[in-house]
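Structure file coords-v3.txt; described as compact mmCIF, C-alpha atoms.
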# COMPACT_ATOMS: atom_id res chain seq x y z
CA MET K 1 53.12 -55.56 -36.71
CA GLU K 2 55.30 -53.12 -34.79
CA MET K 3 52.94 -50.34 -33.75
CA ASN K 4 54.02 -46.69 -33.71
CA ALA K 5 57.47 -47.71 -34.96
CA SER K 6 60.34 -45.32 -35.63
CA TYR K 7 62.46 -45.34 -38.78
CA THR K 8 65.64 -43.36 -39.43
CA SER K 9 66.16 -44.08 -43.15
CA PHE K 10 64.25 -45.09 -46.27
CA VAL K 11 65.32 -46.17 -49.77
CA ALA K 12 62.81 -46.50 -52.63
CA VAL K 13 63.52 -48.87 -55.55
CA GLY K 14 61.45 -49.26 -58.70
CA ASP K 15 60.05 -47.61 -61.82
CA SER K 16 57.81 -44.62 -62.64
CA PHE K 17 55.26 -45.57 -59.99
CA THR K 18 57.88 -45.00 -57.28
CA GLU K 19 59.65 -42.14 -59.08
CA GLY K 20 56.40 -40.22 -58.66
CA MET K 21 54.89 -39.70 -62.10
CA SER K 22 52.45 -37.92 -62.59
CA ASP K 23 52.58 -35.95 -59.32
CA LEU K 24 54.21 -32.93 -60.92
CA LEU K 25 55.57 -30.00 -58.91
CA PRO K 26 55.81 -26.41 -60.26
CA ASP K 27 59.57 -26.77 -60.80
CA GLY K 28 59.04 -29.74 -63.13
CA SER K 29 60.15 -32.42 -60.65
CA TYR K 30 57.94 -35.26 -59.46
CA ARG K 31 56.93 -35.81 -55.86
CA GLY K 32 54.95 -39.07 -55.65
CA TRP K 33 54.08 -41.37 -52.81
CA ALA K 34 57.68 -42.19 -51.82
CA ASP K 35 58.62 -38.53 -51.39
CA VAL K 36 55.38 -37.88 -49.47
CA LEU K 37 56.12 -40.83 -47.19
CA ALA K 38 59.70 -39.66 -46.67
CA GLY K 39 58.50 -36.21 -45.65
CA ARG K 40 56.09 -37.67 -43.12
CA LEU K 41 58.74 -39.99 -41.68
CA ALA K 42 61.22 -37.11 -41.43
CA VAL K 43 58.86 -35.15 -39.16
CA ARG K 44 58.93 -38.05 -36.70
CA THR K 45 62.71 -38.56 -36.71
CA PRO K 46 65.27 -35.72 -36.75
CA GLY K 47 68.22 -36.67 -38.93
CA PHE K 48 66.04 -38.89 -41.12
CA ARG K 49 67.70 -39.90 -44.41
CA TYR K 50 66.11 -40.79 -47.74
CA ALA K 51 67.07 -41.89 -51.25
CA ASN K 52 64.78 -42.50 -54.22
CA LEU K 53 66.55 -44.65 -56.82
CA ALA K 54 63.47 -45.36 -58.97
CA VAL K 55 63.48 -44.52 -62.69
CA ARG K 56 60.55 -44.39 -65.09
CA GLY K 57 60.19 -47.12 -67.70
CA LYS K 58 62.53 -49.61 -66.04
CA LEU K 59 61.94 -53.33 -66.45
CA ILE K 60 62.63 -55.72 -63.58
CA ALA K 61 66.04 -56.76 -64.95
CA GLN K 62 67.10 -53.11 -65.15
CA ILE K 63 65.85 -52.42 -61.63
CA VAL K 64 67.89 -55.34 -60.31
CA ASP K 65 71.02 -54.50 -62.30
CA GLU K 66 70.95 -50.73 -61.72
CA GLN K 67 69.33 -50.15 -58.33
CA VAL K 68 69.39 -53.17 -56.04
CA ASP K 69 73.10 -53.22 -55.14
CA ALA K 70 73.06 -49.48 -54.43
CA ALA K 71 69.98 -49.85 -52.23
CA ALA K 72 71.35 -52.83 -50.32
CA ALA K 73 74.64 -51.02 -49.65
CA MET K 74 72.81 -48.20 -47.88
CA GLN K 75 71.62 -50.49 -45.05
CA ALA K 76 68.35 -48.56 -44.64
CA ASP K 77 65.70 -49.15 -42.01
CA VAL K 78 63.06 -49.37 -44.77
CA ILE K 79 63.38 -50.39 -48.42
CA THR K 80 60.42 -50.44 -50.78
CA LEU K 81 60.63 -52.51 -53.95
CA VAL K 82 58.03 -52.25 -56.71
CA GLY K 83 58.91 -53.73 -60.09
CA GLY K 84 57.86 -56.11 -62.82
CA LEU K 85 54.65 -54.40 -63.87
CA ASN K 86 56.28 -52.77 -66.90
CA ASP K 87 57.31 -56.25 -68.02
CA THR K 88 53.75 -57.54 -67.80
CA LEU K 89 52.54 -54.68 -70.02
CA ARG K 90 54.89 -55.61 -72.87
CA PRO K 91 53.41 -57.54 -75.84
CA LYS K 92 55.86 -60.35 -75.09
CA CYS K 93 56.70 -61.07 -71.48
CA ASP K 94 58.89 -63.87 -70.12
CA MET K 95 57.24 -64.43 -66.76
CA GLY K 96 59.89 -66.99 -65.85
CA MET K 97 62.55 -64.31 -66.21
CA VAL K 98 60.43 -61.84 -64.22
CA ARG K 99 60.07 -64.41 -61.46
CA GLY K 100 63.79 -65.09 -61.35
CA ARG K 101 64.91 -61.45 -61.30
CA LEU K 102 62.31 -60.36 -58.73
CA GLU K 103 63.31 -63.25 -56.52
CA GLU K 104 66.95 -62.20 -56.90
CA ALA K 105 66.07 -58.64 -55.86
CA VAL K 106 64.20 -59.75 -52.74
CA GLU K 107 66.96 -62.16 -51.72
CA ARG K 108 69.52 -59.34 -51.91
CA LEU K 109 67.44 -56.61 -50.29
CA ALA K 110 65.72 -58.45 -47.43
CA PRO K 111 68.90 -59.09 -45.37
CA SER K 112 70.13 -55.52 -45.90
CA CYS K 113 67.29 -53.66 -44.19
CA ARG K 114 65.13 -53.71 -41.10
CA LYS K 115 61.89 -53.85 -43.12
CA LEU K 116 61.39 -54.68 -46.79
CA VAL K 117 58.07 -53.57 -48.25
CA LEU K 118 56.68 -55.06 -51.48
CA MET K 119 53.48 -54.08 -53.27
CA ARG K 120 50.64 -55.47 -55.29
CA SER K 121 50.40 -52.47 -57.61
CA PRO K 122 47.11 -50.71 -58.40
CA GLY K 123 45.55 -50.84 -61.83
CA ARG K 124 43.15 -48.44 -63.55
CA ASN K 125 39.83 -50.08 -64.36
CA GLY K 126 39.33 -50.50 -68.10
CA PRO K 127 40.03 -52.73 -71.13
CA VAL K 128 43.82 -52.50 -70.81
CA MET K 129 43.60 -53.74 -67.24
CA GLU K 130 41.47 -56.70 -68.31
CA ARG K 131 43.88 -57.66 -71.07
CA PHE K 132 46.91 -57.83 -68.79
CA ARG K 133 45.17 -58.94 -65.58
CA PRO K 134 46.33 -62.61 -65.74
CA ARG K 135 49.99 -61.58 -65.96
CA MET K 136 49.57 -59.00 -63.20
CA GLU K 137 47.94 -61.51 -60.89
CA GLU K 138 50.73 -64.00 -61.58
CA LEU K 139 53.22 -61.29 -60.61
CA PHE K 140 51.30 -60.46 -57.45
CA SER K 141 51.11 -64.11 -56.42
CA LEU K 142 54.89 -64.17 -56.66
CA VAL K 143 55.10 -61.00 -54.55
CA ASP K 144 53.02 -62.69 -51.83
CA GLU K 145 55.15 -65.82 -52.01
CA LEU K 146 58.44 -63.94 -51.74
CA ALA K 147 57.18 -61.78 -48.88
CA SER K 148 56.15 -64.85 -46.92
CA ARG K 149 59.48 -66.53 -47.55
CA HIS K 150 61.66 -63.55 -46.65
CA GLY K 151 59.64 -61.83 -43.94
CA ALA K 152 58.72 -58.81 -46.06
CA SER K 153 55.49 -56.80 -45.81
CA VAL K 154 53.04 -56.47 -48.72
CA VAL K 155 50.86 -53.43 -49.41
CA ASP K 156 47.82 -54.67 -51.33
CA LEU K 157 46.95 -51.72 -53.56
CA TYR K 158 45.54 -54.02 -56.24
CA GLY K 159 42.89 -55.26 -53.81
CA ALA K 160 41.63 -51.73 -53.05
CA PRO K 161 38.73 -50.91 -55.44
CA ALA K 162 39.11 -47.17 -54.85
CA LEU K 163 42.54 -47.16 -56.52
CA GLY K 164 40.99 -48.55 -59.69
CA ASP K 165 38.80 -45.45 -60.03
CA PRO K 166 39.82 -43.62 -63.26
CA ARG K 167 39.55 -40.31 -61.39
CA LEU K 168 42.67 -41.25 -59.40
CA TRP K 169 44.67 -41.72 -62.60
CA ASP K 170 46.38 -39.09 -64.73
CA VAL K 171 45.40 -38.41 -68.34
CA ASP K 172 48.10 -40.84 -69.53
CA ARG K 173 46.10 -43.63 -67.81
CA LEU K 174 49.35 -45.17 -66.55
CA HIS K 175 50.18 -43.07 -63.49
CA LEU K 176 48.32 -41.94 -60.40
CA THR K 177 47.23 -38.39 -59.68
CA ALA K 178 48.54 -36.50 -56.65
CA ASP K 179 45.56 -37.79 -54.64
CA GLY K 180 46.34 -41.34 -55.73
CA HIS K 181 49.97 -41.01 -54.64
CA ARG K 182 48.90 -39.71 -51.24
CA ARG K 183 46.69 -42.72 -50.77
CA VAL K 184 49.63 -44.99 -51.54
CA ALA K 185 51.81 -43.08 -49.07
CA GLU K 186 49.16 -43.58 -46.38
CA ALA K 187 48.91 -47.29 -47.22
CA VAL K 188 52.67 -47.77 -46.80
CA TRP K 189 52.62 -45.59 -43.66
CA GLN K 190 50.07 -47.89 -42.06
CA THR K 191 51.97 -50.99 -43.21
CA LEU K 192 55.01 -49.65 -41.35
CA GLY K 193 52.97 -49.74 -38.15
CA LEU K 194 52.31 -46.02 -37.91
CA PRO K 195 49.00 -44.53 -36.70
CA PRO K 196 46.45 -44.02 -39.52
CA GLU K 197 45.75 -40.48 -40.60
CA ASN K 198 43.01 -41.27 -43.12
CA ASP K 199 41.26 -44.15 -44.86
CA TRP K 200 43.22 -44.61 -48.09
CA ARG K 201 40.72 -47.26 -49.25
CA MET K 202 37.73 -44.89 -49.11
CA PRO K 203 35.94 -44.69 -52.49
CA LEU K 204 35.58 -41.34 -54.20
CA PRO K 205 32.12 -39.72 -54.04
CA ALA K 206 29.71 -40.86 -56.71
CA ALA K 207 29.79 -38.75 -59.86
CA VAL K 208 27.75 -38.49 -63.04
CA PRO K 209 29.65 -40.30 -65.83
CA PRO K 210 30.80 -38.02 -68.67
CA LYS K 211 28.76 -38.07 -71.84
CA TRP K 212 29.67 -40.39 -74.71
CA ALA K 213 31.03 -37.57 -76.89
CA ILE K 214 33.29 -36.30 -74.12
CA ARG K 215 34.63 -39.80 -73.49
CA ARG K 216 35.45 -40.24 -77.19
CA ILE K 217 37.27 -36.89 -77.29
CA ASP K 218 39.27 -37.94 -74.22
CA ASP K 219 40.06 -41.28 -75.87
CA LEU K 220 41.36 -39.57 -79.01
CA ARG K 221 43.45 -37.12 -76.99
CA PHE K 222 44.88 -39.98 -74.92
CA ALA K 223 45.74 -42.00 -78.05
CA ARG K 224 47.50 -39.06 -79.71
CA ARG K 225 49.43 -37.74 -76.72
CA HIS K 226 50.22 -40.90 -74.78
CA LEU K 227 49.29 -44.22 -76.38
CA MET K 228 50.97 -43.75 -79.77
CA PRO K 229 54.27 -42.48 -78.30
CA TRP K 230 54.21 -45.39 -75.85
CA ILE K 231 53.69 -47.88 -78.71
CA GLY K 232 56.43 -46.16 -80.69
CA ARG K 233 58.92 -46.65 -77.86
CA ARG K 234 57.97 -50.32 -77.56
CA LEU K 235 58.46 -50.91 -81.32
CA THR K 236 61.85 -49.20 -81.38
CA GLY K 237 63.16 -50.67 -78.14
CA ARG K 238 63.34 -47.29 -76.42
CA SER K 239 62.21 -46.35 -72.92
CA SER K 240 61.18 -43.14 -71.21
CA GLY K 241 63.93 -43.89 -68.70
CA ASP K 242 66.80 -44.11 -71.19
CA GLY K 243 69.73 -42.06 -69.92
CA ARG K 244 68.10 -41.35 -66.56
CA THR K 245 69.18 -42.31 -63.06
CA GLY K 246 67.39 -42.15 -59.73
CA THR K 247 67.11 -38.77 -58.06
CA GLN K 248 69.58 -39.72 -55.35
CA TYR K 249 72.00 -41.65 -57.54
CA SER K 250 75.15 -40.43 -59.29
CA ALA K 251 75.97 -42.48 -62.39
CA GLU K 252 79.27 -40.63 -62.71
CA LEU K 253 80.41 -41.70 -59.24
CA GLY K 254 78.56 -45.01 -59.27
CA ARG K 255 77.05 -44.13 -55.91
CA ALA K 256 73.73 -43.50 -54.27
CA PHE K 257 73.51 -40.76 -51.67
CA TRP K 258 71.25 -39.73 -48.81
CA VAL K 259 69.28 -36.50 -48.51
CA THR K 260 67.76 -35.02 -45.37
CA PRO K 261 65.62 -31.92 -44.69
CA GLU K 262 67.16 -28.81 -43.19
CA ASP K 263 64.18 -28.53 -40.84
CA ALA K 264 62.56 -31.80 -39.75
CA HIS K 265 59.48 -29.94 -38.49
CA ALA K 266 58.87 -28.41 -41.94
CA PRO K 267 60.69 -30.70 -44.36
CA GLY K 268 59.20 -29.28 -47.56
CA PRO K 269 59.68 -30.98 -50.98
CA VAL K 270 62.44 -33.58 -51.12
CA ALA K 271 63.97 -31.64 -54.03
CA THR K 272 64.99 -28.98 -51.47
CA TRP K 273 66.66 -31.43 -49.06
CA ARG K 274 70.44 -31.38 -48.67
CA GLN K 275 72.83 -34.21 -49.48
CA VAL K 276 74.41 -35.70 -46.36
CA ASP K 277 76.34 -38.77 -47.50
CA VAL K 278 77.37 -40.99 -50.38
CA THR K 279 77.57 -44.76 -50.27
CA PRO K 280 79.83 -46.59 -52.73
CA LEU K 281 78.52 -49.70 -54.44
CA SER K 282 81.51 -51.77 -53.36

Translate the structure described by the file into structure tokens.
Amino acid sequence: MEMNASYTSFVAVGDSFTEGMSDLLPDGSYRGWADVLAGRLAVRTPGFRYANLAVRGKLIAQIVDEQVDAAAAMQADVITLVGGLNDTLRPKCDMGMVRGRLEEAVERLAPSCRKLVLMRSPGRNGPVMERFRPRMEELFSLVDELASRHGASVVDLYGAPALGDPRLWDVDRLHLTADGHRRVAEAVWQTLGLPPENDWRMPLPAAVPPKWAIRRIDDLRFARRHLMPWIGRRLTGRSSGDGRTGTQYSAELGRAFWVTPEDAHAPGPVATWRQVDVTPLS
């Protein structure tokens, strides 16, 4: 591993996990681990550039078709690719198709960047996790295989028990809290060969489990506000990402673009960064 490395640009590719849900800012935008990581990298490198192309709800085929060419064209120092988990959570999942499209993505991205980072995604402990665990582990075995074949790095979030703690997951039980996203940012930071700032694997302090009645109330609230709408979208073929594009992508122009902070020493939220360039797909 290259220790204390320097990176001038970073492109994030993926779904809601990389878009930043549920790390909500006061203005209604999401921050998430990729934005946190970009801010930290920007402090180290004046002129640092960043683009987050990830969109919530996207399946691996959509990620490949809508994001990979744009990311590869940007010739970034670092590209992160996280995808396929939404496919494994569908009632019917063609793992052969997932394998083929993820392999296609890695083959196109690896030669276009200095370092490609893949992930074994975290999962919230609970019955849903147990139901889909075999598919997830098949996906993660493929991630390891592709990383070995193409010289990519893998961040093993799945193997960190702390990230399975329900307290690091939002009320929708699908997305990490702000603390969870910061742990992921630190994990990627360390994978890039940068000096550790904290132990992202550290378990949360022990806590008294909530009473049975409180858990049932939380379960009912979760089912009404999150589970039923999610099932409804699956049954009707809709997605939370329909009509959306990545934060640094213009569907009208067919281009992704870079953003950079005005002040590298105090970069602030990525939403306040200025656009510095556009890169055509062709």

- [ ] Work out how far atom CA of K:Gln248 is from atom CA of K:Ala12, in Å to one decimal.
- [x]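 Going from atom CA of K:Ala12 over to atom CA of K:Gln248, I get 10.0 Å.
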
TODO: Kindly give the distance, in Å, that separates atom CA of K:Leu102 and atom CA of K:Val68, rounded to a single decimal.
DONE: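 If I compute the distance from atom CA of K:Leu102 to atom CA of K:Val68, I get 10.4 Å.
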
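For the set K:Leu194, K:Ala42, K:Leu142, K:Leu204, the residue with the smallest atom-to-atom gap to K:Gly96 is K:Leu142, counting all atoms listed in the file.
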
Please write as a compact mmCIF listing (two decimals) with C-alpha atoms, in the coordinates of the input the list of polymer residues whose atoms come within 12 Å of (68.8, -57.9, -48.2), counting only C-alpha atoms and keeping to the coordinates of the file.
# COMPACT_ATOMS: atom_id res chain seq x y z
CA VAL K 68 69.39 -53.17 -56.04
CA ASP K 69 73.10 -53.22 -55.14
CA ALA K 70 73.06 -49.48 -54.43
CA ALA K 71 69.98 -49.85 -52.23
CA ALA K 72 71.35 -52.83 -50.32
CA ALA K 73 74.64 -51.02 -49.65
CA MET K 74 72.81 -48.20 -47.88
CA GLN K 75 71.62 -50.49 -45.05
CA ALA K 76 68.35 -48.56 -44.64
CA ASP K 77 65.70 -49.15 -42.01
CA VAL K 78 63.06 -49.37 -44.77
CA ILE K 79 63.38 -50.39 -48.42
CA THR K 80 60.42 -50.44 -50.78
CA LEU K 81 60.63 -52.51 -53.95
CA GLU K 103 63.31 -63.25 -56.52
CA GLU K 104 66.95 -62.20 -56.90
CA ALA K 105 66.07 -58.64 -55.86
CA VAL K 106 64.20 -59.75 -52.74
CA GLU K 107 66.96 -62.16 -51.72
CA ARG K 108 69.52 -59.34 -51.91
CA LEU K 109 67.44 -56.61 -50.29
CA ALA K 110 65.72 -58.45 -47.43
CA PRO K 111 68.90 -59.09 -45.37
CA SER K 112 70.13 -55.52 -45.90
CA CYS K 113 67.29 -53.66 -44.19
CA ARG K 114 65.13 -53.71 -41.10
CA LYS K 115 61.89 -53.85 -43.12
CA LEU K 116 61.39 -54.68 -46.79
CA VAL K 117 58.07 -53.57 -48.25
CA HIS K 150 61.66 -63.55 -46.65
CA GLY K 151 59.64 -61.83 -43.94
CA ALA K 152 58.72 -58.81 -46.06

Open item on the list: Measuring between only C-alpha atoms, which one of K:Met119, K:Leu37, K:Leu176, K:Val11 shows the shortest distance to K:Arg49?
Closed with: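 Of all the options, K:Val11 lies closest to K:Arg49.
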